[in-house]
$ cat entry17.tsv   # TSV, C-alpha atoms
chain	number	residue	atom	x	y	z
I	1	GLN	CA	108.70	116.35	109.93
I	2	ALA	CA	111.84	114.62	111.18
I	3	MET	CA	112.97	114.26	107.55
I	4	ARG	CA	112.61	117.97	106.96
I	5	GLU	CA	114.66	118.72	110.08
I	6	LEU	CA	117.37	116.32	108.90
I	7	LEU	CA	117.47	117.63	105.33
I	8	THR	CA	118.64	121.20	105.93
I	9	PRO	CA	120.34	123.10	103.08
I	10	ASP	CA	123.68	122.96	104.93
I	11	ALA	CA	123.42	119.23	105.61
I	12	LEU	CA	122.47	118.53	101.98
I	13	ALA	CA	125.38	120.66	100.74
I	14	ALA	CA	127.80	118.57	102.84
I	15	ALA	CA	126.37	115.20	101.75
I	16	ASP	CA	128.41	112.51	99.99
I	17	LEU	CA	127.03	112.50	96.42
I	18	VAL	CA	129.03	109.44	95.34
I	19	ASN	CA	127.49	107.48	98.22
I	20	GLY	CA	124.13	108.96	97.19
I	21	ARG	CA	124.60	107.56	93.69
I	22	ASN	CA	125.44	104.13	95.14
I	23	LEU	CA	122.34	104.29	97.37
I	24	PHE	CA	120.23	105.23	94.31
I	25	ARG	CA	121.54	102.07	92.62
I	26	LYS	CA	120.48	99.94	95.61
I	27	THR	CA	117.17	101.66	96.41
I	28	CYS	CA	115.70	103.23	93.26
I	29	TYR	CA	117.57	101.94	90.20
I	30	ALA	CA	115.49	98.79	89.62
I	31	CYS	CA	112.45	100.93	88.77
I	32	HIS	CA	113.61	104.48	87.96
I	33	LYS	CA	115.93	105.96	85.37
I	34	LEU	CA	118.11	108.92	86.29
I	35	TYR	CA	120.63	110.37	83.83
I	36	GLY	CA	119.93	107.52	81.39
I	37	GLU	CA	120.61	104.67	83.85
I	38	GLY	CA	118.05	102.49	85.60
I	39	GLY	CA	114.79	100.65	85.17
I	40	GLU	CA	111.60	101.49	83.32
I	41	VAL	CA	108.93	100.33	85.76
I	42	GLY	CA	108.49	103.77	87.28
I	43	PRO	CA	108.87	107.17	85.66
I	44	ASP	CA	112.23	108.45	84.41
I	45	ILE	CA	112.97	111.00	87.12
I	46	THR	CA	115.70	112.89	85.26
I	47	GLY	CA	113.28	115.62	84.21
I	48	ALA	CA	111.26	115.58	87.42
I	49	ASN	CA	111.13	118.54	89.77
I	50	ARG	CA	113.94	116.99	91.85
I	51	SER	CA	115.45	120.28	93.03
I	52	ASN	CA	112.28	120.88	95.08
I	53	LEU	CA	112.77	119.02	98.38
I	54	GLU	CA	109.03	119.01	99.20
I	55	TYR	CA	108.25	117.44	95.81
I	56	LEU	CA	110.93	114.79	96.34
I	57	LEU	CA	109.85	113.95	99.89
I	58	GLY	CA	106.19	113.79	98.91
I	59	ASN	CA	106.92	111.29	96.14
I	60	VAL	CA	109.29	109.16	98.24
I	61	LEU	CA	107.43	109.18	101.55
I	62	THR	CA	103.87	108.84	100.19
I	63	PRO	CA	104.21	107.26	96.74
I	64	SER	CA	100.54	106.27	96.55
I	65	ALA	CA	99.24	109.81	97.10
I	66	GLU	CA	99.40	110.67	93.41
I	67	ILE	CA	99.99	108.03	90.74
I	68	GLN	CA	100.10	108.87	87.04
I	69	ASP	CA	97.77	106.61	85.03
I	70	ALA	CA	100.68	105.22	82.99
I	71	TYR	CA	102.30	103.94	86.21
I	72	LYS	CA	99.33	102.39	88.00
I	73	MET	CA	100.08	98.85	89.08
I	74	THR	CA	97.99	96.11	87.50
I	75	LEU	CA	97.49	92.75	89.20
I	76	ILE	CA	96.91	89.80	86.87
I	77	LEU	CA	95.84	86.29	87.92
I	78	THR	CA	96.07	83.59	85.28
I	79	ASP	CA	94.04	80.41	84.95
I	80	GLU	CA	97.21	78.53	85.99
I	81	GLY	CA	97.19	80.37	89.35
I	82	ARG	CA	100.17	82.61	88.51
I	83	THR	CA	100.10	86.20	89.71
I	84	TYR	CA	101.79	89.09	87.94
I	85	SER	CA	102.03	92.66	89.17
I	86	GLY	CA	103.46	95.48	87.16
I	87	ILE	CA	102.82	98.21	84.65
I	88	VAL	CA	100.90	97.38	81.46
I	89	ILE	CA	103.04	98.63	78.58
I	90	GLY	CA	101.14	97.10	75.68
I	91	GLU	CA	97.89	95.37	74.90
I	92	ASP	CA	96.02	94.13	71.86
I	93	GLN	CA	93.03	91.82	71.41
I	94	ARG	CA	95.03	88.66	72.11
I	95	ARG	CA	97.75	89.54	74.61
I	96	LEU	CA	98.86	91.89	77.32
I	97	THR	CA	102.47	92.98	77.96
I	98	ILE	CA	103.48	93.87	81.49
I	99	ARG	CA	106.73	95.29	82.89
I	100	MET	CA	107.61	94.08	86.38
I	101	ALA	CA	110.17	95.34	88.90
I	102	ASN	CA	113.50	93.50	89.06
I	103	GLN	CA	112.86	91.79	85.74
I	104	GLU	CA	114.65	93.05	82.67
I	105	ASP	CA	112.29	91.80	79.98
I	106	PRO	CA	108.56	92.48	79.89
I	107	VAL	CA	106.19	89.50	80.21
I	108	VAL	CA	103.62	88.75	77.51
I	109	ILE	CA	100.45	87.06	78.78
I	110	PRO	CA	97.84	85.59	76.40
I	111	LYS	CA	94.49	87.15	77.27
I	112	VAL	CA	92.73	83.77	77.14
I	113	ASN	CA	94.83	82.80	80.19
I	114	ILE	CA	93.84	85.85	82.27
I	115	GLU	CA	91.34	84.93	84.95
I	116	SER	CA	91.25	88.33	86.64
I	117	ARG	CA	92.80	91.74	86.21
I	118	GLU	CA	92.62	94.72	88.51
I	119	VAL	CA	94.31	98.08	88.78
I	120	ALA	CA	95.69	98.59	92.27
I	121	ALA	CA	94.94	101.73	94.25
I	122	VAL	CA	98.50	101.76	95.61
I	123	SER	CA	101.77	102.54	93.92
I	124	MET	CA	104.27	99.83	93.02
I	125	MET	CA	106.75	101.99	94.88
I	126	PRO	CA	106.64	100.76	98.46
I	127	GLU	CA	106.13	103.09	101.41
I	128	GLY	CA	108.98	103.26	103.90
I	129	LEU	CA	111.84	103.04	101.39
I	130	LEU	CA	113.95	105.31	103.59
I	131	ASN	CA	113.27	103.36	106.80
I	132	ASN	CA	116.24	101.03	106.28
I	133	LEU	CA	118.69	103.86	105.68
I	134	THR	CA	120.70	105.71	108.31
I	135	PRO	CA	120.12	109.48	108.61
I	136	GLN	CA	123.43	110.07	106.77
I	137	GLU	CA	122.37	107.72	103.96
I	138	VAL	CA	119.04	109.56	103.62
I	139	LEU	CA	120.98	112.83	103.36
I	140	ASP	CA	123.37	111.41	100.75
I	141	LEU	CA	120.53	109.92	98.66
I	142	MET	CA	118.38	113.06	98.78
I	143	ALA	CA	121.36	115.26	97.91
I	144	TYR	CA	122.15	113.00	94.94
I	145	LEU	CA	118.52	113.07	93.81
I	146	GLN	CA	118.68	116.87	93.80
I	147	THR	CA	121.78	117.06	91.58
I	148	SER	CA	121.53	118.77	88.20
I	149	LYS	CA	124.11	116.55	86.53
I	150	GLN	CA	125.46	113.02	86.96
I	151	VAL	CA	127.97	112.41	89.73
I	152	ALA	CA	131.24	110.70	88.86
I	153	ASP	CA	131.21	106.96	89.40
I	154	PRO	CA	134.37	105.91	91.27
I	155	GLY	CA	133.97	102.38	89.90
I	156	SER	CA	134.33	103.40	86.25
I	157	THR	CA	136.26	105.80	84.05
I	158	ASN	CA	133.36	108.29	83.72
$ encode --input "entry17.tsv" --output "structure tokens"
Amino acid sequence: QAMRELLTPDALAAADLVNGRNLFRKTCYACHKLYGEGGEVGPDITGANRSNLEYLLGNVLTPSAEIQDAYKMTLILTDEGRTYSGIVIGEDQRRLTIRMANQEDPVVIPKVNIESREVAAVSMMPEGLLNNLTPQEVLDLMAYLQTSKQVADPGSTN
């Protein structure tokens, strides 16, 4: 409720979109693509219903409430005691390919090495992502997420 009181149309209209883009890079970019930039662990949110504040808040504040099958986190334990958690992006009879957050290349695991495998009931996207942001940063990020086109990057010639 406090978020909804903070995120008024007037406050969002006055937000700093460039700062919002920078906050997206720090907070969301490792897993989500927006306007062709970002990770592939979570869904590409460019085409998402981002203009709807309730939709945005629901997905950010309670990410485990509704998880698309393609983005359910799988936990793998190997016979060497290694643990992997991520999104399964490929599988055949001999191996499984998993994409993990903060890791550019997917990991291929031979199935003979898998001791256990379970699909988690929670999202890879952690709860409380906004807790470490100031109210102004939340405003800037949410305003950026609601944009209909990319915001100029002051650090490049775009």
$ residues_around --input "entry17.tsv" --residues "range 149-151 of chain I" --least-positions-apart "4" --cutoff "7 Å" --atoms "all atoms listed in the file" --output "list in words"
Leu17, Val18 and Tyr35 of chain I
$ residues_around --input "entry17.tsv" --residues "range 121-129 of chain I" --least-positions-apart "5" --cutoff "10 Å" --atoms "only C-alpha atoms" --output "PyMOL selection string"
chain I and resi 27-28+31+41-42+59-68+71-74+85-87+100-101+138
$ axis_aligned_box --input "entry17.tsv" --around "range 138-144 of chain I" --padding-each-side "5 Å" --output "lines of an AutoDock Vina configuration file"
center_x = 120.9
center_y = 112.4
center_z = 99.3
size_x = 15.0
size_y = 15.7
size_z = 18.7
$ atom_distance --input "entry17.tsv" --atom1 "CA of Ala14 in chain I" --atom2 "CA of Tyr55 in chain I"
20.8 Å
$ closest_residue --input "entry17.tsv" --among "I:Leu145, I:Leu77, I:Ile45, I:Leu139" --to "Leu12 in chain I" --atoms "only C-alpha atoms"
I:Leu139
$ residues_around --input "entry17.tsv" --residues "Gln136 in chain I" --least-positions-apart "2" --cutoff "10 Å" --atoms "all atoms listed in the file" --output "list in words"
Leu6, Leu7, Ala11, Leu12, Ala15, Asp16, Asn19, Gly20, Leu133, Thr134, Val138, Leu139, Asp140, Leu141 and Met142 of chain I
$ residues_around --input "entry17.tsv" --residues "Thr83 in chain I" --least-positions-apart "3" --cutoff "12 Å" --atoms "all atoms listed in the file" --output "PDB file with C-alpha atoms, keeping the file's coordinate frame"
ATOM      1  CA  THR I  74      97.990  96.110  87.500  1.00  0.00           C
ATOM      2  CA  LEU I  75      97.490  92.750  89.200  1.00  0.00           C
ATOM      3  CA  ILE I  76      96.910  89.800  86.870  1.00  0.00           C
ATOM      4  CA  LEU I  77      95.840  86.290  87.920  1.00  0.00           C
ATOM      5  CA  THR I  78      96.070  83.590  85.280  1.00  0.00           C
ATOM      6  CA  ASP I  79      94.040  80.410  84.950  1.00  0.00           C
ATOM      7  CA  GLU I  80      97.210  78.530  85.990  1.00  0.00           C
ATOM      8  CA  GLY I  86     103.460  95.480  87.160  1.00  0.00           C
ATOM      9  CA  ILE I  98     103.480  93.870  81.490  1.00  0.00           C
ATOM     10  CA  MET I 100     107.610  94.080  86.380  1.00  0.00           C
ATOM     11  CA  VAL I 107     106.190  89.500  80.210  1.00  0.00           C
ATOM     12  CA  ILE I 109     100.450  87.060  78.780  1.00  0.00           C
ATOM     13  CA  ASN I 113      94.830  82.800  80.190  1.00  0.00           C
ATOM     14  CA  ILE I 114      93.840  85.850  82.270  1.00  0.00           C
ATOM     15  CA  GLU I 115      91.340  84.930  84.950  1.00  0.00           C
ATOM     16  CA  SER I 116      91.250  88.330  86.640  1.00  0.00           C
ATOM     17  CA  ARG I 117      92.800  91.740  86.210  1.00  0.00           C
ATOM     18  CA  GLU I 118      92.620  94.720  88.510  1.00  0.00           C
TER      19      GLU I 118
END
$ atom_distance --input "entry17.tsv" --atom1 "CA of Lys33 in chain I" --atom2 "CA of Thr46 in chain I"
6.9 Å
$ closest_residue --input "entry17.tsv" --among "I:Glu137, I:Glu54, I:Asp153, I:Glu40" --to "Gln103 in chain I" --atoms "only C-alpha atoms"
I:Glu40
$ atom_distance --input "entry17.tsv" --atom1 "CA of Val119 in chain I" --atom2 "CA of Lys26 in chain I"
27.1 Å
$ closest_residue --input "entry17.tsv" --among "I:Phe24, I:Met3, I:Asp105, I:Arg50" --to "Gly38 in chain I" --atoms "all atoms listed in the file"
I:Phe24
$ closest_residue --input "entry17.tsv" --among "I:Leu56, I:Ala152, I:Tyr144, I:Glu5" --to "Leu34 in chain I" --atoms "all atoms listed in the file"
I:Tyr144
$ residues_around --input "entry17.tsv" --residues "Arg95 in chain I" --least-positions-apart "3" --cutoff "6 Å" --atoms "all atoms listed in the file" --output "list in words"
Glu91, Asp92, Ile109, Pro110 and Lys111 of chain I
$ decode --input "entry17.tsv" --residues "range 67-96 of chain I" --atoms "N, CA, C and O atoms" --output "PDB file, in the first residue's frame"
ATOM      1  N   ILE I  67       4.341 -17.824 -11.727  1.00  0.00           N
ATOM      2  CA  ILE I  67       5.582 -18.077 -12.458  1.00  0.00           C
ATOM      3  C   ILE I  67       5.252 -18.879 -13.711  1.00  0.00           C
ATOM      4  O   ILE I  67       4.669 -19.957 -13.622  1.00  0.00           O
ATOM      5  N   GLN I  68       5.623 -18.348 -14.872  1.00  0.00           N
ATOM      6  CA  GLN I  68       5.426 -19.091 -16.117  1.00  0.00           C
ATOM      7  C   GLN I  68       6.293 -20.356 -16.068  1.00  0.00           C
ATOM      8  O   GLN I  68       7.411 -20.332 -15.560  1.00  0.00           O
ATOM      9  N   ASP I  69       5.781 -21.444 -16.617  1.00  0.00           N
ATOM     10  CA  ASP I  69       6.513 -22.720 -16.594  1.00  0.00           C
ATOM     11  C   ASP I  69       7.938 -22.590 -17.138  1.00  0.00           C
ATOM     12  O   ASP I  69       8.865 -23.173 -16.592  1.00  0.00           O
ATOM     13  N   ALA I  70       8.100 -21.817 -18.199  1.00  0.00           N
ATOM     14  CA  ALA I  70       9.415 -21.684 -18.833  1.00  0.00           C
ATOM     15  C   ALA I  70      10.432 -20.996 -17.926  1.00  0.00           C
ATOM     16  O   ALA I  70      11.630 -21.051 -18.190  1.00  0.00           O
ATOM     17  N   TYR I  71       9.964 -20.355 -16.847  1.00  0.00           N
ATOM     18  CA  TYR I  71      10.866 -19.610 -15.965  1.00  0.00           C
ATOM     19  C   TYR I  71      10.889 -20.160 -14.546  1.00  0.00           C
ATOM     20  O   TYR I  71      11.326 -19.486 -13.626  1.00  0.00           O
ATOM     21  N   LYS I  72      10.421 -21.387 -14.365  1.00  0.00           N
ATOM     22  CA  LYS I  72      10.484 -21.992 -13.031  1.00  0.00           C
ATOM     23  C   LYS I  72      11.930 -22.401 -12.750  1.00  0.00           C
ATOM     24  O   LYS I  72      12.607 -22.968 -13.598  1.00  0.00           O
ATOM     25  N   MET I  73      12.384 -22.098 -11.546  1.00  0.00           N
ATOM     26  CA  MET I  73      13.749 -22.391 -11.160  1.00  0.00           C
ATOM     27  C   MET I  73      13.906 -23.882 -10.871  1.00  0.00           C
ATOM     28  O   MET I  73      13.087 -24.484 -10.188  1.00  0.00           O
ATOM     29  N   THR I  74      14.973 -24.450 -11.422  1.00  0.00           N
ATOM     30  CA  THR I  74      15.298 -25.846 -11.177  1.00  0.00           C
ATOM     31  C   THR I  74      16.565 -25.907 -10.337  1.00  0.00           C
ATOM     32  O   THR I  74      17.520 -25.176 -10.590  1.00  0.00           O
ATOM     33  N   LEU I  75      16.547 -26.757  -9.325  1.00  0.00           N
ATOM     34  CA  LEU I  75      17.707 -26.967  -8.456  1.00  0.00           C
ATOM     35  C   LEU I  75      18.297 -28.325  -8.800  1.00  0.00           C
ATOM     36  O   LEU I  75      17.604 -29.340  -8.767  1.00  0.00           O
ATOM     37  N   ILE I  76      19.587 -28.330  -9.118  1.00  0.00           N
ATOM     38  CA  ILE I  76      20.281 -29.556  -9.500  1.00  0.00           C
ATOM     39  C   ILE I  76      21.408 -29.802  -8.498  1.00  0.00           C
ATOM     40  O   ILE I  76      22.178 -28.899  -8.194  1.00  0.00           O
ATOM     41  N   LEU I  77      21.507 -31.036  -8.006  1.00  0.00           N
ATOM     42  CA  LEU I  77      22.627 -31.459  -7.166  1.00  0.00           C
ATOM     43  C   LEU I  77      23.353 -32.551  -7.928  1.00  0.00           C
ATOM     44  O   LEU I  77      22.735 -33.515  -8.380  1.00  0.00           O
ATOM     45  N   THR I  78      24.661 -32.378  -8.082  1.00  0.00           N
ATOM     46  CA  THR I  78      25.435 -33.397  -8.808  1.00  0.00           C
ATOM     47  C   THR I  78      26.079 -34.370  -7.830  1.00  0.00           C
ATOM     48  O   THR I  78      26.170 -34.100  -6.629  1.00  0.00           O
ATOM     49  N   ASP I  79      26.573 -35.482  -8.391  1.00  0.00           N
ATOM     50  CA  ASP I  79      27.224 -36.501  -7.556  1.00  0.00           C
ATOM     51  C   ASP I  79      28.544 -35.999  -6.979  1.00  0.00           C
ATOM     52  O   ASP I  79      29.103 -36.609  -6.084  1.00  0.00           O
ATOM     53  N   GLU I  80      29.027 -34.862  -7.471  1.00  0.00           N
ATOM     54  CA  GLU I  80      30.245 -34.238  -6.913  1.00  0.00           C
ATOM     55  C   GLU I  80      29.904 -33.250  -5.806  1.00  0.00           C
ATOM     56  O   GLU I  80      30.786 -32.582  -5.265  1.00  0.00           O
ATOM     57  N   GLY I  81      28.600 -33.106  -5.484  1.00  0.00           N
ATOM     58  CA  GLY I  81      28.186 -32.196  -4.426  1.00  0.00           C
ATOM     59  C   GLY I  81      27.989 -30.764  -4.880  1.00  0.00           C
ATOM     60  O   GLY I  81      27.760 -29.875  -4.062  1.00  0.00           O
ATOM     61  N   ARG I  82      28.061 -30.505  -6.190  1.00  0.00           N
ATOM     62  CA  ARG I  82      27.837 -29.151  -6.703  1.00  0.00           C
ATOM     63  C   ARG I  82      26.348 -28.901  -6.848  1.00  0.00           C
ATOM     64  O   ARG I  82      25.594 -29.797  -7.215  1.00  0.00           O
ATOM     65  N   THR I  83      25.939 -27.664  -6.574  1.00  0.00           N
ATOM     66  CA  THR I  83      24.547 -27.274  -6.702  1.00  0.00           C
ATOM     67  C   THR I  83      24.428 -26.210  -7.784  1.00  0.00           C
ATOM     68  O   THR I  83      25.230 -25.279  -7.840  1.00  0.00           O
ATOM     69  N   TYR I  84      23.437 -26.374  -8.628  1.00  0.00           N
ATOM     70  CA  TYR I  84      23.144 -25.400  -9.672  1.00  0.00           C
ATOM     71  C   TYR I  84      21.686 -24.991  -9.522  1.00  0.00           C
ATOM     72  O   TYR I  84      20.828 -25.826  -9.269  1.00  0.00           O
ATOM     73  N   SER I  85      21.410 -23.701  -9.700  1.00  0.00           N
ATOM     74  CA  SER I  85      20.015 -23.265  -9.717  1.00  0.00           C
ATOM     75  C   SER I  85      19.843 -22.302 -10.875  1.00  0.00           C
ATOM     76  O   SER I  85      20.658 -21.399 -11.073  1.00  0.00           O
ATOM     77  N   GLY I  86      18.817 -22.556 -11.651  1.00  0.00           N
ATOM     78  CA  GLY I  86      18.572 -21.723 -12.813  1.00  0.00           C
ATOM     79  C   GLY I  86      17.395 -22.225 -13.613  1.00  0.00           C
ATOM     80  O   GLY I  86      16.577 -23.008 -13.122  1.00  0.00           O
ATOM     81  N   ILE I  87      17.351 -21.796 -14.856  1.00  0.00           N
ATOM     82  CA  ILE I  87      16.264 -22.126 -15.761  1.00  0.00           C
ATOM     83  C   ILE I  87      16.780 -23.148 -16.775  1.00  0.00           C
ATOM     84  O   ILE I  87      17.787 -22.904 -17.441  1.00  0.00           O
ATOM     85  N   VAL I  88      16.098 -24.283 -16.888  1.00  0.00           N
ATOM     86  CA  VAL I  88      16.487 -25.299 -17.872  1.00  0.00           C
ATOM     87  C   VAL I  88      16.118 -24.773 -19.248  1.00  0.00           C
ATOM     88  O   VAL I  88      14.961 -24.437 -19.506  1.00  0.00           O
ATOM     89  N   ILE I  89      17.128 -24.667 -20.123  1.00  0.00           N
ATOM     90  CA  ILE I  89      16.861 -24.146 -21.471  1.00  0.00           C
ATOM     91  C   ILE I  89      17.036 -25.216 -22.540  1.00  0.00           C
ATOM     92  O   ILE I  89      16.764 -24.969 -23.705  1.00  0.00           O
ATOM     93  N   GLY I  90      17.496 -26.392 -22.144  1.00  0.00           N
ATOM     94  CA  GLY I  90      17.652 -27.472 -23.106  1.00  0.00           C
ATOM     95  C   GLY I  90      17.916 -28.778 -22.383  1.00  0.00           C
ATOM     96  O   GLY I  90      18.478 -28.798 -21.292  1.00  0.00           O
ATOM     97  N   GLU I  91      17.462 -29.860 -23.013  1.00  0.00           N
ATOM     98  CA  GLU I  91      17.656 -31.163 -22.384  1.00  0.00           C
ATOM     99  C   GLU I  91      17.505 -32.234 -23.449  1.00  0.00           C
ATOM    100  O   GLU I  91      16.622 -32.169 -24.294  1.00  0.00           O
ATOM    101  N   ASP I  92      18.408 -33.213 -23.415  1.00  0.00           N
ATOM    102  CA  ASP I  92      18.237 -34.395 -24.242  1.00  0.00           C
ATOM    103  C   ASP I  92      18.490 -35.609 -23.349  1.00  0.00           C
ATOM    104  O   ASP I  92      18.526 -35.470 -22.122  1.00  0.00           O
ATOM    105  N   GLN I  93      18.678 -36.776 -23.928  1.00  0.00           N
ATOM    106  CA  GLN I  93      18.818 -37.980 -23.104  1.00  0.00           C
ATOM    107  C   GLN I  93      20.099 -38.000 -22.277  1.00  0.00           C
ATOM    108  O   GLN I  93      20.151 -38.641 -21.242  1.00  0.00           O
ATOM    109  N   ARG I  94      21.122 -37.272 -22.737  1.00  0.00           N
ATOM    110  CA  ARG I  94      22.420 -37.343 -22.054  1.00  0.00           C
ATOM    111  C   ARG I  94      22.783 -36.127 -21.215  1.00  0.00           C
ATOM    112  O   ARG I  94      23.601 -36.223 -20.313  1.00  0.00           O
ATOM    113  N   ARG I  95      22.220 -34.977 -21.536  1.00  0.00           N
ATOM    114  CA  ARG I  95      22.643 -33.769 -20.810  1.00  0.00           C
ATOM    115  C   ARG I  95      21.513 -32.759 -20.658  1.00  0.00           C
ATOM    116  O   ARG I  95      20.536 -32.781 -21.392  1.00  0.00           O
ATOM    117  N   LEU I  96      21.736 -31.885 -19.694  1.00  0.00           N
ATOM    118  CA  LEU I  96      20.786 -30.832 -19.373  1.00  0.00           C
ATOM    119  C   LEU I  96      21.545 -29.504 -19.454  1.00  0.00           C
ATOM    120  O   LEU I  96      22.684 -29.414 -19.001  1.00  0.00           O
TER     121      LEU I  96
END
